[in-house]
file my_file_4.cif (mmCIF, C-alpha atoms and all ligand atoms)
data_model
#
loop_
_atom_site.label_atom_id
_atom_site.label_comp_id
_atom_site.auth_asym_id
_atom_site.auth_seq_id
_atom_site.Cartn_x
_atom_site.Cartn_y
_atom_site.Cartn_z
CA MET A 117 -45.31 -49.34 32.71
CA ALA A 118 -44.07 -48.47 36.21
CA GLU A 119 -43.79 -51.41 38.59
CA PRO A 120 -46.12 -51.41 41.61
CA THR A 121 -44.93 -49.92 44.87
CA LEU A 122 -43.26 -52.51 47.08
CA LEU A 123 -42.55 -50.28 50.08
CA ASN A 124 -44.16 -47.02 51.08
CA VAL A 125 -42.60 -45.17 54.00
CA SER A 126 -44.86 -42.47 55.35
CA ASN A 127 -44.06 -39.91 58.02
CA LEU A 128 -41.57 -42.22 59.73
CA GLU A 129 -40.21 -40.85 62.98
CA ALA A 130 -37.70 -42.65 65.18
CA TRP A 131 -35.94 -42.21 68.48
CA TYR A 132 -32.89 -43.68 70.22
CA GLY A 133 -33.96 -43.37 73.84
CA GLU A 134 -34.81 -39.68 74.32
CA SER A 135 -32.99 -38.68 71.15
CA HIS A 136 -35.44 -37.87 68.31
CA VAL A 137 -33.54 -38.75 65.11
CA LEU A 138 -36.06 -39.15 62.25
CA HIS A 139 -38.63 -36.36 61.86
CA GLY A 140 -41.01 -37.63 59.19
CA VAL A 141 -39.27 -39.63 56.47
CA ASN A 142 -41.30 -40.18 53.27
CA PHE A 143 -40.25 -42.26 50.27
CA ASN A 144 -41.32 -45.26 48.26
CA VAL A 145 -39.66 -48.12 46.43
CA ARG A 146 -41.09 -49.91 43.41
CA ARG A 147 -40.61 -53.62 42.89
CA GLY A 148 -37.37 -54.32 41.05
CA GLU A 149 -35.93 -50.87 41.69
CA VAL A 150 -32.64 -49.82 43.22
CA VAL A 151 -33.01 -46.62 45.25
CA THR A 152 -30.39 -44.86 47.31
CA LEU A 153 -30.60 -42.89 50.51
CA ILE A 154 -27.94 -40.24 50.35
CA GLY A 155 -27.05 -37.38 52.65
CA ARG A 156 -24.33 -36.12 54.91
CA ASN A 157 -23.10 -37.95 58.02
CA GLY A 158 -25.75 -38.06 60.71
CA ALA A 159 -28.63 -37.29 58.29
CA GLY A 160 -30.47 -40.44 59.39
CA LYS A 161 -29.79 -42.89 56.56
CA THR A 162 -28.73 -45.83 58.74
CA THR A 163 -31.50 -45.07 61.21
CA THR A 164 -34.04 -45.22 58.38
CA LEU A 165 -32.88 -48.73 57.43
CA ARG A 166 -32.78 -49.78 61.07
CA SER A 167 -36.30 -48.43 61.58
CA LEU A 168 -37.61 -50.57 58.72
CA ILE A 169 -36.29 -53.74 60.35
CA GLY A 170 -37.23 -52.73 63.89
CA VAL A 171 -33.88 -52.24 65.59
CA VAL A 172 -34.27 -48.71 66.90
CA GLY A 173 -36.20 -47.59 69.99
CA LYS A 174 -39.57 -45.97 69.42
CA ARG A 175 -40.94 -45.54 65.87
CA THR A 176 -44.09 -43.85 64.59
CA GLY A 177 -45.60 -43.39 61.13
CA ALA A 178 -46.07 -46.26 58.69
CA SER A 179 -43.90 -48.41 56.50
CA THR A 180 -46.14 -50.50 54.27
CA TYR A 181 -44.48 -53.47 52.59
CA GLN A 182 -46.78 -55.65 50.49
CA GLY A 183 -49.74 -54.68 52.65
CA THR A 184 -47.96 -55.20 55.99
CA ASP A 185 -46.91 -52.29 58.19
CA LEU A 186 -43.31 -53.15 59.07
CA LEU A 187 -43.56 -50.91 62.11
CA LYS A 188 -45.85 -53.53 63.62
CA VAL A 189 -43.53 -56.47 62.82
CA PRO A 190 -41.01 -57.45 65.52
CA ALA A 191 -37.39 -57.40 64.37
CA HIS A 192 -36.96 -61.17 64.59
CA LYS A 193 -39.81 -61.73 62.12
CA VAL A 194 -38.78 -59.24 59.40
CA ALA A 195 -36.39 -61.66 57.64
CA ARG A 196 -39.29 -64.08 57.15
CA LEU A 197 -40.94 -61.49 54.91
CA GLY A 198 -38.05 -61.79 52.45
CA ILE A 199 -36.26 -58.67 53.65
CA GLY A 200 -32.49 -58.91 54.11
CA TYR A 201 -30.35 -56.34 55.94
CA VAL A 202 -26.61 -55.98 55.38
CA PRO A 203 -25.29 -53.61 58.08
CA GLU A 204 -22.44 -51.17 57.54
CA GLU A 205 -20.22 -53.19 59.86
CA ARG A 206 -21.13 -56.33 57.83
CA GLY A 207 -21.47 -58.66 60.82
CA ILE A 208 -19.17 -61.42 59.58
CA PHE A 209 -18.45 -63.96 62.32
CA SER A 210 -14.68 -63.87 62.66
CA LYS A 211 -14.38 -67.38 64.13
CA LEU A 212 -16.51 -68.92 61.38
CA ASN A 213 -15.13 -69.64 57.93
CA VAL A 214 -16.66 -68.56 54.61
CA ILE A 215 -19.01 -71.50 54.19
CA GLU A 216 -20.08 -71.39 57.85
CA ASN A 217 -20.83 -67.69 57.57
CA LEU A 218 -22.84 -68.33 54.39
CA MET A 219 -24.85 -71.14 55.96
CA PHE A 220 -25.45 -69.38 59.28
CA PRO A 221 -28.81 -67.65 58.72
CA PRO A 222 -31.79 -69.89 58.03
CA ALA A 223 -33.13 -69.97 54.45
CA TRP A 224 -36.41 -68.23 55.29
CA GLN A 225 -37.76 -68.19 51.74
CA SER A 226 -37.62 -70.74 48.96
CA GLY A 227 -35.68 -69.67 45.90
CA GLY A 228 -32.62 -68.43 47.78
CA MET A 229 -29.29 -68.58 45.98
CA SER A 230 -27.22 -71.71 46.22
CA VAL A 231 -23.63 -71.48 47.43
CA ASP A 232 -22.46 -72.10 43.85
CA GLU A 233 -24.59 -69.23 42.57
CA ILE A 234 -23.13 -66.96 45.25
CA TYR A 235 -19.61 -67.96 44.20
CA THR A 236 -20.49 -67.21 40.58
CA LEU A 237 -21.71 -63.77 41.63
CA PHE A 238 -18.65 -63.18 43.82
CA PRO A 239 -15.75 -65.20 42.34
CA ASN A 240 -13.39 -63.83 45.04
CA LEU A 241 -15.11 -66.11 47.54
CA LYS A 242 -14.76 -69.23 45.42
CA GLY A 243 -12.29 -71.78 46.78
CA ARG A 244 -12.22 -69.95 50.13
CA ASP A 245 -14.70 -72.20 51.99
CA SER A 246 -12.33 -72.81 54.91
CA THR A 247 -10.93 -69.28 55.16
CA PRO A 248 -11.92 -67.68 58.47
CA GLY A 249 -13.89 -64.43 58.31
CA THR A 250 -10.98 -62.48 59.79
CA ARG A 251 -8.67 -63.46 56.91
CA LEU A 252 -10.91 -61.83 54.30
CA SER A 253 -10.34 -58.30 53.03
CA GLY A 254 -13.01 -55.68 53.76
CA GLY A 255 -14.36 -56.09 50.23
CA GLU A 256 -14.51 -59.87 50.54
CA GLN A 257 -16.32 -59.54 53.86
CA GLN A 258 -18.83 -57.27 52.16
CA MET A 259 -19.36 -59.87 49.42
CA LEU A 260 -19.82 -62.54 52.06
CA ALA A 261 -22.31 -60.40 53.97
CA ILE A 262 -24.36 -59.85 50.80
CA GLY A 263 -24.03 -63.53 49.78
CA ARG A 264 -25.26 -64.68 53.16
CA ILE A 265 -28.41 -62.60 52.76
CA LEU A 266 -29.00 -63.88 49.22
CA ARG A 267 -28.91 -67.46 50.48
CA THR A 268 -31.81 -66.73 52.84
CA GLY A 269 -34.06 -66.12 49.84
CA ALA A 270 -34.49 -62.41 50.55
CA ASP A 271 -35.52 -60.49 47.45
CA PHE A 272 -35.66 -57.06 49.09
CA ILE A 273 -32.21 -56.07 50.27
CA LEU A 274 -31.25 -53.17 52.52
CA LEU A 275 -27.56 -52.39 52.05
CA ASP A 276 -25.75 -49.92 54.29
CA GLU A 277 -22.69 -48.34 52.65
CA PRO A 278 -21.27 -51.42 50.91
CA THR A 279 -18.40 -49.36 49.46
CA GLU A 280 -17.19 -47.87 52.76
CA GLY A 281 -13.42 -48.37 53.09
CA ILE A 282 -13.23 -50.72 50.09
CA ALA A 283 -10.69 -50.78 47.27
CA PRO A 284 -11.92 -49.29 43.95
CA VAL A 285 -11.52 -52.54 42.01
CA ILE A 286 -13.72 -54.38 44.53
CA ILE A 287 -16.26 -51.53 44.45
CA GLU A 288 -16.59 -52.18 40.71
CA GLU A 289 -17.20 -55.88 41.37
CA ILE A 290 -19.84 -55.15 43.99
CA GLY A 291 -21.52 -52.73 41.57
CA ALA A 292 -21.55 -55.40 38.85
CA ALA A 293 -23.09 -57.89 41.30
CA LEU A 294 -25.83 -55.42 42.29
CA ARG A 295 -26.69 -54.84 38.64
CA ILE A 296 -27.02 -58.62 38.17
CA LEU A 297 -29.30 -58.81 41.22
CA LYS A 298 -31.42 -55.99 39.81
CA ASP A 299 -31.65 -57.83 36.47
CA ARG A 300 -32.88 -60.84 38.43
CA GLY A 301 -35.72 -58.74 39.79
CA MET A 302 -34.45 -57.93 43.26
CA THR A 303 -35.34 -54.67 44.96
CA ILE A 304 -32.58 -52.81 46.79
CA ILE A 305 -32.32 -49.83 49.12
CA LEU A 306 -28.75 -48.65 49.20
CA VAL A 307 -27.34 -46.20 51.72
CA GLU A 308 -24.41 -44.63 49.94
CA GLN A 309 -22.02 -41.68 50.10
CA ASN A 310 -20.12 -42.65 46.95
CA LEU A 311 -22.16 -40.83 44.29
CA ARG A 312 -20.36 -42.42 41.38
CA PHE A 313 -21.17 -45.87 42.68
CA ALA A 314 -24.74 -44.85 43.51
CA ALA A 315 -25.22 -43.54 39.97
CA SER A 316 -23.89 -46.80 38.50
CA VAL A 317 -26.60 -48.94 40.11
CA ALA A 318 -29.62 -46.86 41.14
CA ASP A 319 -32.86 -45.75 39.50
CA ARG A 320 -33.74 -43.01 41.99
CA HIS A 321 -32.02 -41.18 44.82
CA PHE A 322 -33.65 -39.85 47.97
CA VAL A 323 -31.74 -37.13 49.81
CA LEU A 324 -31.93 -37.15 53.60
CA ASP A 325 -31.15 -34.12 55.70
CA GLN A 326 -31.73 -33.77 59.45
CA GLY A 327 -33.99 -36.79 59.65
CA LYS A 328 -36.20 -36.02 56.64
CA VAL A 329 -36.26 -36.79 52.93
CA VAL A 330 -35.77 -33.37 51.38
CA ASP A 331 -35.40 -34.29 47.72
CA GLU A 332 -35.88 -37.03 45.15
CA ILE A 333 -33.72 -37.16 42.04
CA SER A 334 -34.02 -39.71 39.25
CA ASN A 335 -30.72 -41.23 38.20
CA SER A 336 -31.04 -39.81 34.70
CA ALA A 337 -31.32 -36.30 36.22
CA LEU A 338 -28.39 -36.76 38.59
CA ASP A 339 -25.77 -34.93 36.50
CA ALA A 340 -28.08 -31.98 35.87
CA ASN A 341 -28.75 -31.69 39.61
CA MET A 342 -25.21 -32.15 40.88
CA ASP A 343 -24.89 -28.60 42.26
CA ARG A 344 -28.09 -29.00 44.25
CA LEU A 345 -26.99 -32.38 45.51
CA ASN A 346 -23.55 -31.15 46.52
CA ARG A 347 -25.19 -28.41 48.58
CA TYR A 348 -27.13 -31.05 50.51
CA LEU A 349 -24.00 -33.12 50.96
CA GLY A 350 -21.97 -30.09 52.02
CA VAL A 351 -19.36 -30.80 49.35
P1 LIG B 1 -23.51 -41.91 58.76
O1 LIG B 1 -23.24 -41.76 57.32
O2 LIG B 1 -22.57 -41.14 59.61
O3 LIG B 1 -23.74 -43.31 59.22
P2 LIG B 1 -26.39 -41.55 58.81
O4 LIG B 1 -27.04 -40.61 57.85
O5 LIG B 1 -26.49 -42.99 58.55
O6 LIG B 1 -24.89 -41.11 58.99
P3 LIG B 1 -27.46 -42.16 61.39
O7 LIG B 1 -26.38 -43.14 61.71
O8 LIG B 1 -28.80 -42.67 61.06
O9 LIG B 1 -26.99 -41.19 60.23
O10 LIG B 1 -27.56 -41.14 62.61
C1 LIG B 1 -28.58 -40.16 62.70
C2 LIG B 1 -28.44 -39.45 64.04
O11 LIG B 1 -28.71 -40.38 65.08
C3 LIG B 1 -27.05 -38.90 64.32
O12 LIG B 1 -27.20 -37.66 64.97
C4 LIG B 1 -26.44 -39.91 65.24
O13 LIG B 1 -25.51 -39.30 66.11
C5 LIG B 1 -27.65 -40.43 66.01
N1 LIG B 1 -27.47 -41.83 66.43
C6 LIG B 1 -27.13 -42.87 65.65
N2 LIG B 1 -27.08 -44.02 66.35
C7 LIG B 1 -27.43 -43.70 67.63
C8 LIG B 1 -27.59 -44.45 68.83
N3 LIG B 1 -27.38 -45.78 68.87
N4 LIG B 1 -27.95 -43.76 69.94
C9 LIG B 1 -28.18 -42.42 69.91
N5 LIG B 1 -28.06 -41.67 68.80
C10 LIG B 1 -27.69 -42.29 67.66
#
call {"tool": "encode", "arguments": {"input": "my_file_4.cif", "output": "structure tokens"}}
result
Amino acid sequence: MAEPTLLNVSNLEAWYGESHVLHGVNFNVRRGEVVTLIGRNGAGKTTTLRSLIGVVGKRTGASTYQGTDLLKVPAHKVARLGIGYVPEERGIFSKLNVIENLMFPPAWQSGGMSVDEIYTLFPNLKGRDSTPGTRLSGGEQQMLAIGRILRTGADFILLDEPTEGIAPVIIEEIGAALRILKDRGMTIILVEQNLRFAASVADRHFVLDQGKVVDEISNSALDANMDRLNRYLGV
């Protein structure tokens, strides 16, 4: 039986100042699902994530998460709902070491991962407690950024291009970690341009183009729809 809907985004529009960027985004996410937002550069994927957590200018429409319209929740209160955001630039504090970065955000929810559990998920971080953020590779920083969010107790994770600029072997490790998180019941929205990676973790894909969701493709139908998808992506 299909899981209940955890998030329903309906006619979401968003602006940066005068610039109208999202023109009515519609999609939904079921509990325990991994969905991707895919589309060419500038399609509005990052802005969609940022709209959900309240860090754009004006927003209209609705984004219903467990009965709460996220568009009415100020950005500083979103994490308390169990929603974790990992930005594309990762946001690792360069002057803080691994353990300090992990411990930085408050544990908003009970049931967050312990540091040991995070090291089991991402063995590359193990034994690196005192390593400053700047000494980590891009992939290790990505692992740290995800680990930090898991420690807060978030069980709904918004991940913006975790594979961007990362070595293939580390991409595999991040994919394996996301599959473990899914098995543990977490729900994930993944912004991704790497289709192979997206296909290895996701249940459904939503295609964004010019600030709208223009298509939905189940992961099992991805291969059969590759020509259509490549047209959207301009490949
Ligand atoms: P990318 O893969 O390049 O990150 P994206 O699909 O995530 O693309 P967004 O970053 O959401 O796209 O950008 C959507 C549109 O909004 C683009 O036209 C972009 O130039 C514009 N935009 C993004 N950030 C800002 C900002 N801070 N101020 C004004 N316009 C912005």
call {"tool": "residues_near_ligand", "arguments": {"input": "my_file_4.cif", "ligand": "ligand LIG 1 (chain B)", "cutoff": "12 Å", "atoms": "all atoms listed in the file", "output": "VMD selection string"}}
result
chain A and resid 129 to 139 141 152 to 167 171 to 174 203 to 205 275 to 280 306 to 310 322 to 329 349
call {"tool": "closest_residue", "arguments": {"input": "my_file_4.cif", "among": "A:Val189, A:Ile305, A:Ile296, A:Leu218", "to": "Thr247 (chain A)", "atoms": "all atoms listed in the file"}}
result
A:Leu218
call {"tool": "closest_residue", "arguments": {"input": "my_file_4.cif", "among": "A:His321, A:Val285, A:Leu187, A:Gln257", "to": "Ala337 (chain A)", "atoms": "all atoms listed in the file"}}
result
A:His321
call {"tool": "atom_distance", "arguments": {"input": "my_file_4.cif", "atom1": "CA of Asn240 (chain A)", "atom2": "CA of Leu212 (chain A)"}}
result
17.4 Å
call {"tool": "residues_around", "arguments": {"input": "my_file_4.cif", "residues": "Ile282 (chain A)", "least_positions_apart": "6", "cutoff": "10 Å", "atoms": "all atoms listed in the file", "output": "list in words"}}
result
Ser253, Gly254, Gly255, Glu256 and Gln258 of chain A
call {"tool": "closest_residue", "arguments": {"input": "my_file_4.cif", "among": "A:Met342, A:Leu274, A:Ala318, A:Leu237", "to": "Ala292 (chain A)", "atoms": "all atoms listed in the file"}}
result
A:Leu237
call {"tool": "atom_distance", "arguments": {"input": "my_file_4.cif", "atom1": "CA of Asn124 (chain A)", "atom2": "CA of Asn142 (chain A)"}}
result
7.7 Å
